[in-house]
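Participant: Next up is a structure, given as structure tokens.
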Amino acid sequence: MAEISPTITFCMCDFTNHYHVQSLKDLIKHYMTDAMGGCKPLSLHQEDAMVLGLQKQSNYFVLFIEYNNSIVGLATCFLLFSTFKALPYINVHDIVIHTSMRGKHLGKLLMQKIIEIGHHYNCCKITLEVREDNIVAQRMYKQLGFGDTQPPMHFWTKLLD
């Protein structure tokens, strides 16, 4: 018997679509509570604030990846501007593939779609951060041409109370 290929599609999050909004909340919660997210989930109030906060941004997109018509992953991206190149660029803030769907190369397909979007908007680069201990993600990013900046830089944070 012939194996049936899955249907893999992409769509932008439509904040007027309840299924999209709930999928966004669920996948971010899934990511935050995963070993690589390493923290407790947002409260219901914070989830709503996240959705409203994203909607207030003018420079973002949330890209879903669908597997057989079910949303199984997302990328939260921000379109920024490089003063050094005088061109826009995309920063990938979150990339999530549900653990039940990992190993199917969906993360790579999602990143390839982001690269395609970057070309469409004449972006000069795509940036992201990846944990030092997330070797699987690093391997995938390297396959797509990502690597340390030259010269290497650090991603630093100052938390504000």
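Order determines the names: the first chain of the structure tokens is A, the second B, and so forth; residues in each chain are numbered 1 upward, and ligands are numbered 1 upward as they are shown.
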Based on the backbone DSSP call, show me all residues of segment 6-84 of chain A assigned strand (DSSP E), as a compact mmCIF listing (two decimals) with N, CA and C atoms, in the first residue's frame.

Facilitator:
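Resulting contents of part.txt:
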# COMPACT_ATOMS: atom_id res chain seq x y z
N ILE A 8 1.12 19.78 4.26
CA ILE A 8 1.79 20.79 5.08
C ILE A 8 1.54 22.14 4.44
N THR A 9 0.95 23.06 5.23
CA THR A 9 0.66 24.40 4.75
C THR A 9 1.08 25.42 5.79
N PHE A 10 1.09 26.67 5.38
CA PHE A 10 1.44 27.79 6.26
C PHE A 10 0.32 28.80 6.20
N CYS A 11 0.11 29.50 7.30
CA CYS A 11 -0.83 30.62 7.29
C CYS A 11 -0.43 31.60 8.37
N MET A 12 -0.76 32.84 8.14
CA MET A 12 -0.53 33.88 9.13
C MET A 12 -1.64 33.82 10.17
N TYR A 60 4.97 42.94 13.30
CA TYR A 60 5.09 41.53 13.67
C TYR A 60 4.30 40.66 12.71
N PHE A 61 4.63 39.38 12.75
CA PHE A 61 3.73 38.38 12.17
C PHE A 61 3.93 37.09 12.93
N VAL A 62 2.85 36.34 13.05
CA VAL A 62 2.89 35.01 13.62
C VAL A 62 2.55 34.07 12.48
N LEU A 63 3.51 33.21 12.16
CA LEU A 63 3.35 32.27 11.06
C LEU A 63 3.10 30.89 11.63
N PHE A 64 1.99 30.30 11.24
CA PHE A 64 1.66 28.93 11.67
C PHE A 64 2.10 27.94 10.61
N ILE A 65 2.47 26.74 11.06
CA ILE A 65 2.64 25.61 10.16
C ILE A 65 1.55 24.61 10.51
N GLU A 66 0.86 24.15 9.47
CA GLU A 66 -0.24 23.20 9.64
C GLU A 66 0.16 21.85 9.05
N TYR A 67 -0.18 20.81 9.76
CA TYR A 67 0.08 19.44 9.35
C TYR A 67 -1.26 18.74 9.27
N SER A 70 -4.07 20.74 10.89
CA SER A 70 -3.98 21.08 12.32
C SER A 70 -2.74 21.95 12.53
N ILE A 71 -2.91 23.02 13.27
CA ILE A 71 -1.78 23.90 13.59
C ILE A 71 -0.88 23.17 14.59
N VAL A 72 0.38 22.96 14.20
CA VAL A 72 1.31 22.19 15.04
C VAL A 72 2.57 22.97 15.39
N GLY A 73 2.69 24.17 14.88
CA GLY A 73 3.87 24.97 15.18
C GLY A 73 3.67 26.42 14.79
N LEU A 74 4.58 27.25 15.26
CA LEU A 74 4.49 28.67 14.94
C LEU A 74 5.85 29.32 15.03
N ALA A 75 5.94 30.47 14.40
CA ALA A 75 7.07 31.37 14.56
C ALA A 75 6.51 32.76 14.81
N THR A 76 6.99 33.39 15.87
CA THR A 76 6.63 34.78 16.15
C THR A 76 7.81 35.62 15.68
N CYS A 77 7.56 36.51 14.74
CA CYS A 77 8.64 37.27 14.11
C CYS A 77 8.34 38.76 14.16
N PHE A 78 9.42 39.54 14.19
CA PHE A 78 9.30 40.99 14.18
C PHE A 78 10.12 41.54 13.02
N LEU A 79 9.53 42.43 12.26
CA LEU A 79 10.21 43.09 11.17
C LEU A 79 10.85 44.35 11.74
N LEU A 80 12.19 44.39 11.68
CA LEU A 80 12.96 45.49 12.25
C LEU A 80 13.75 46.17 11.13
N PHE A 81 14.58 47.14 11.50
CA PHE A 81 15.33 47.87 10.49
C PHE A 81 16.79 47.95 10.87
N SER A 82 17.66 47.65 9.92
CA SER A 82 19.11 47.72 10.12
C SER A 82 19.62 49.07 9.65

Participant: Name all residues at most 8 Å from segment 154-156 of chain A (count only C-alpha atoms; drop same-chain ones fewer than 2 positions away) and give them as a ChimeraX atom specification.

Facilitator: /A:129,152,158

Participant: Excluding Ile114 of chain A and residues on its chain fewer than 4 positions from it, collect all residues at most 9 Å away from it, counting only C-alpha atoms, and give them as a PyMOL selection string.

Facilitator: chain A and resi 63+75+77+90+92+109-110+118-119+126

Participant: Produce a file of the selected residues containing N, CA and C atoms, as a CSV table (one decimal), in the first residue's frame.

Facilitator:
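Result written to selection.csv:
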chain,number,residue,atom,x,y,z
A,63,LEU,N,3.5,33.2,12.2
A,63,LEU,CA,3.4,32.3,11.1
A,63,LEU,C,3.1,30.9,11.6
A,75,ALA,N,5.9,30.5,14.4
A,75,ALA,CA,7.1,31.4,14.6
A,75,ALA,C,6.5,32.8,14.8
A,77,CYS,N,7.6,36.5,14.7
A,77,CYS,CA,8.6,37.3,14.1
A,77,CYS,C,8.3,38.8,14.2
A,90,ILE,N,14.3,40.5,9.7
A,90,ILE,CA,13.4,39.8,10.5
A,90,ILE,C,14.1,39.2,11.7
A,92,VAL,N,13.4,36.4,14.5
A,92,VAL,CA,12.6,35.3,15.0
A,92,VAL,C,12.6,35.3,16.5
A,109,LEU,N,11.1,23.5,7.7
A,109,LEU,CA,10.1,24.0,6.7
A,109,LEU,C,9.6,25.4,7.1
A,110,LEU,N,9.4,25.6,8.4
A,110,LEU,CA,8.9,26.8,8.9
A,110,LEU,C,10.0,27.9,8.7
A,118,GLY,N,11.4,36.8,4.1
A,118,GLY,CA,12.5,37.8,4.1
A,118,GLY,C,12.9,38.2,2.8
A,119,HIS,N,13.0,37.3,1.8
A,119,HIS,CA,13.4,37.7,0.5
A,119,HIS,C,12.3,38.6,-0.1
A,126,ILE,N,18.1,37.7,8.7
A,126,ILE,CA,17.2,37.1,9.7
A,126,ILE,C,18.0,36.8,10.9

Participant: Between A:Val51, A:Met140, A:Leu87, A:Ile4, which one has atoms that come closest to Asp26 of chain A, using only C-alpha atoms?

Facilitator: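 Nearest candidate to Asp26 of chain A out of A:Val51, A:Met140, A:Leu87, A:Ile4: A:Val51.
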
Participant: Based on the backbone DSSP call, show me all residues of segment 31-126 of chain A assigned alpha helix (DSSP H), as a PyMOL selection string.

Facilitator: chain A and resi 31-33+44-56+106-120

Participant: Name the closest residue to Thr127 of chain A among the candidates A:Lys142, A:Lys113, A:His105, A:His93; distances are taken between atoms, counting only C-alpha atoms.

Facilitator: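 Checking each of A:Lys142, A:Lys113, A:His105, A:His93 against Thr127 of chain A, counting only C-alpha atoms, the winner is A:His93.
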
Participant: Residues near His30 of chain A, anyone? I mean within 10 Å using only C-alpha atoms, not counting same-chain ones fewer than 2 positions away, as a ChimeraX atom specification.

Facilitator: /A:24-28,32-35,37,40-41,96-99

Participant: Keeping only N, CA and C atoms, take the residues you just selected and write them out as a PDB file, in the first residue's frame.

Facilitator:
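Contents of the output file result06.pdb:
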ATOM      1  N   LEU A  24      -2.242  29.881  19.167  1.00  0.00           N
ATOM      2  CA  LEU A  24      -1.113  30.715  19.583  1.00  0.00           C
ATOM      3  C   LEU A  24      -0.869  30.556  21.079  1.00  0.00           C
ATOM      4  N   LYS A  25      -1.921  30.713  21.870  1.00  0.00           N
ATOM      5  CA  LYS A  25      -1.789  30.582  23.324  1.00  0.00           C
ATOM      6  C   LYS A  25      -1.288  29.193  23.708  1.00  0.00           C
ATOM      7  N   ASP A  26      -1.868  28.165  23.106  1.00  0.00           N
ATOM      8  CA  ASP A  26      -1.499  26.789  23.450  1.00  0.00           C
ATOM      9  C   ASP A  26      -0.053  26.478  23.086  1.00  0.00           C
ATOM     10  N   LEU A  27       0.379  26.911  21.910  1.00  0.00           N
ATOM     11  CA  LEU A  27       1.753  26.614  21.491  1.00  0.00           C
ATOM     12  C   LEU A  27       2.775  27.402  22.295  1.00  0.00           C
ATOM     13  N   ILE A  28       2.475  28.647  22.642  1.00  0.00           N
ATOM     14  CA  ILE A  28       3.401  29.417  23.487  1.00  0.00           C
ATOM     15  C   ILE A  28       3.487  28.766  24.868  1.00  0.00           C
ATOM     16  N   MET A  32       6.863  27.338  26.528  1.00  0.00           N
ATOM     17  CA  MET A  32       7.348  27.850  27.810  1.00  0.00           C
ATOM     18  C   MET A  32       7.566  26.736  28.824  1.00  0.00           C
ATOM     19  N   THR A  33       6.718  25.722  28.798  1.00  0.00           N
ATOM     20  CA  THR A  33       6.807  24.655  29.798  1.00  0.00           C
ATOM     21  C   THR A  33       7.669  23.486  29.321  1.00  0.00           C
ATOM     22  N   ASP A  34       8.158  23.528  28.092  1.00  0.00           N
ATOM     23  CA  ASP A  34       9.081  22.530  27.572  1.00  0.00           C
ATOM     24  C   ASP A  34      10.439  22.711  28.255  1.00  0.00           C
ATOM     25  N   ALA A  35      11.254  21.677  28.222  1.00  0.00           N
ATOM     26  CA  ALA A  35      12.589  21.757  28.829  1.00  0.00           C
ATOM     27  C   ALA A  35      13.395  22.925  28.259  1.00  0.00           C
ATOM     28  N   GLY A  37      12.128  25.737  27.054  1.00  0.00           N
ATOM     29  CA  GLY A  37      11.520  26.992  27.495  1.00  0.00           C
ATOM     30  C   GLY A  37      11.870  27.256  28.944  1.00  0.00           C
ATOM     31  N   LYS A  40       7.521  28.529  33.921  1.00  0.00           N
ATOM     32  CA  LYS A  40       6.101  28.251  34.104  1.00  0.00           C
ATOM     33  C   LYS A  40       5.289  29.034  33.078  1.00  0.00           C
ATOM     34  N   PRO A  41       4.097  28.557  32.773  1.00  0.00           N
ATOM     35  CA  PRO A  41       3.283  29.215  31.744  1.00  0.00           C
ATOM     36  C   PRO A  41       2.744  30.561  32.214  1.00  0.00           C
ATOM     37  N   VAL A  96       8.272  27.354  17.552  1.00  0.00           N
ATOM     38  CA  VAL A  96       7.727  26.244  18.326  1.00  0.00           C
ATOM     39  C   VAL A  96       7.193  25.178  17.382  1.00  0.00           C
ATOM     40  N   ILE A  97       7.590  23.962  17.618  1.00  0.00           N
ATOM     41  CA  ILE A  97       6.954  22.806  16.988  1.00  0.00           C
ATOM     42  C   ILE A  97       6.496  21.923  18.151  1.00  0.00           C
ATOM     43  N   HIS A  98       5.241  21.564  18.154  1.00  0.00           N
ATOM     44  CA  HIS A  98       4.715  20.728  19.233  1.00  0.00           C
ATOM     45  C   HIS A  98       5.560  19.456  19.332  1.00  0.00           C
ATOM     46  N   THR A  99       5.859  19.038  20.554  1.00  0.00           N
ATOM     47  CA  THR A  99       6.739  17.875  20.744  1.00  0.00           C
ATOM     48  C   THR A  99       6.222  16.627  20.035  1.00  0.00           C
TER      49      THR A  99
END

Participant: If you count only C-alpha atoms, which residues fall within 8 Å of Leu42 of chain A, apart from same-chain ones fewer than 4 positions away, as JSON, numbers by chain?

Facilitator: {"A": [29, 46, 47]}

Participant: Residues as selected, N, CA and C atoms, written as a PDB file, in the first residue's frame, can you do that?

Facilitator:
ATOM      1  N   LYS A  29       2.351  28.335  25.407  1.00  0.00           N
ATOM      2  CA  LYS A  29       2.364  27.633  26.699  1.00  0.00           C
ATOM      3  C   LYS A  29       3.184  26.347  26.596  1.00  0.00           C
ATOM      4  N   GLN A  46      -2.147  36.990  31.620  1.00  0.00           N
ATOM      5  CA  GLN A  46      -0.948  37.280  30.837  1.00  0.00           C
ATOM      6  C   GLN A  46      -1.082  36.778  29.394  1.00  0.00           C
ATOM      7  N   GLU A  47      -1.741  35.631  29.218  1.00  0.00           N
ATOM      8  CA  GLU A  47      -1.978  35.133  27.852  1.00  0.00           C
ATOM      9  C   GLU A  47      -2.777  36.156  27.045  1.00  0.00           C
TER      10      GLU A  47
END

Participant: Neighbours of Asn134 of chain A within 8 Å (only C-alpha atoms; same-chain residues fewer than 4 positions away dropped), as a PyMOL selection string?

Facilitator: chain A and resi 36+130+138

Participant: Got time to write the residues from that selection, C-alpha atoms, as a CSV table (one decimal), in the first residue's frame?

Facilitator:
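Ended up saving to again.csv:
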chain,number,residue,atom,x,y,z
A,36,MET,CA,14.0,24.3,26.4
A,130,VAL,CA,19.2,29.8,20.2
A,138,GLN,CA,21.5,24.7,16.1

Participant: I need the residue nearest Val21 of chain A from this list: A:Asp94, A:Asp48, A:Asp133, A:Asp148. Use only C-alpha atoms for the distance.

Facilitator: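 Ranking A:Asp94, A:Asp48, A:Asp133, A:Asp148 by distance to Val21 of chain A, first place goes to A:Asp48.
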
Participant: A:Leu106, A:Lys125, A:Leu44, A:Glu116: which is nearest Gln22 of chain A, counting only C-alpha atoms?

Facilitator: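 Checking each of A:Leu106, A:Lys125, A:Leu44, A:Glu116 against Gln22 of chain A, counting only C-alpha atoms, the winner is A:Leu44.
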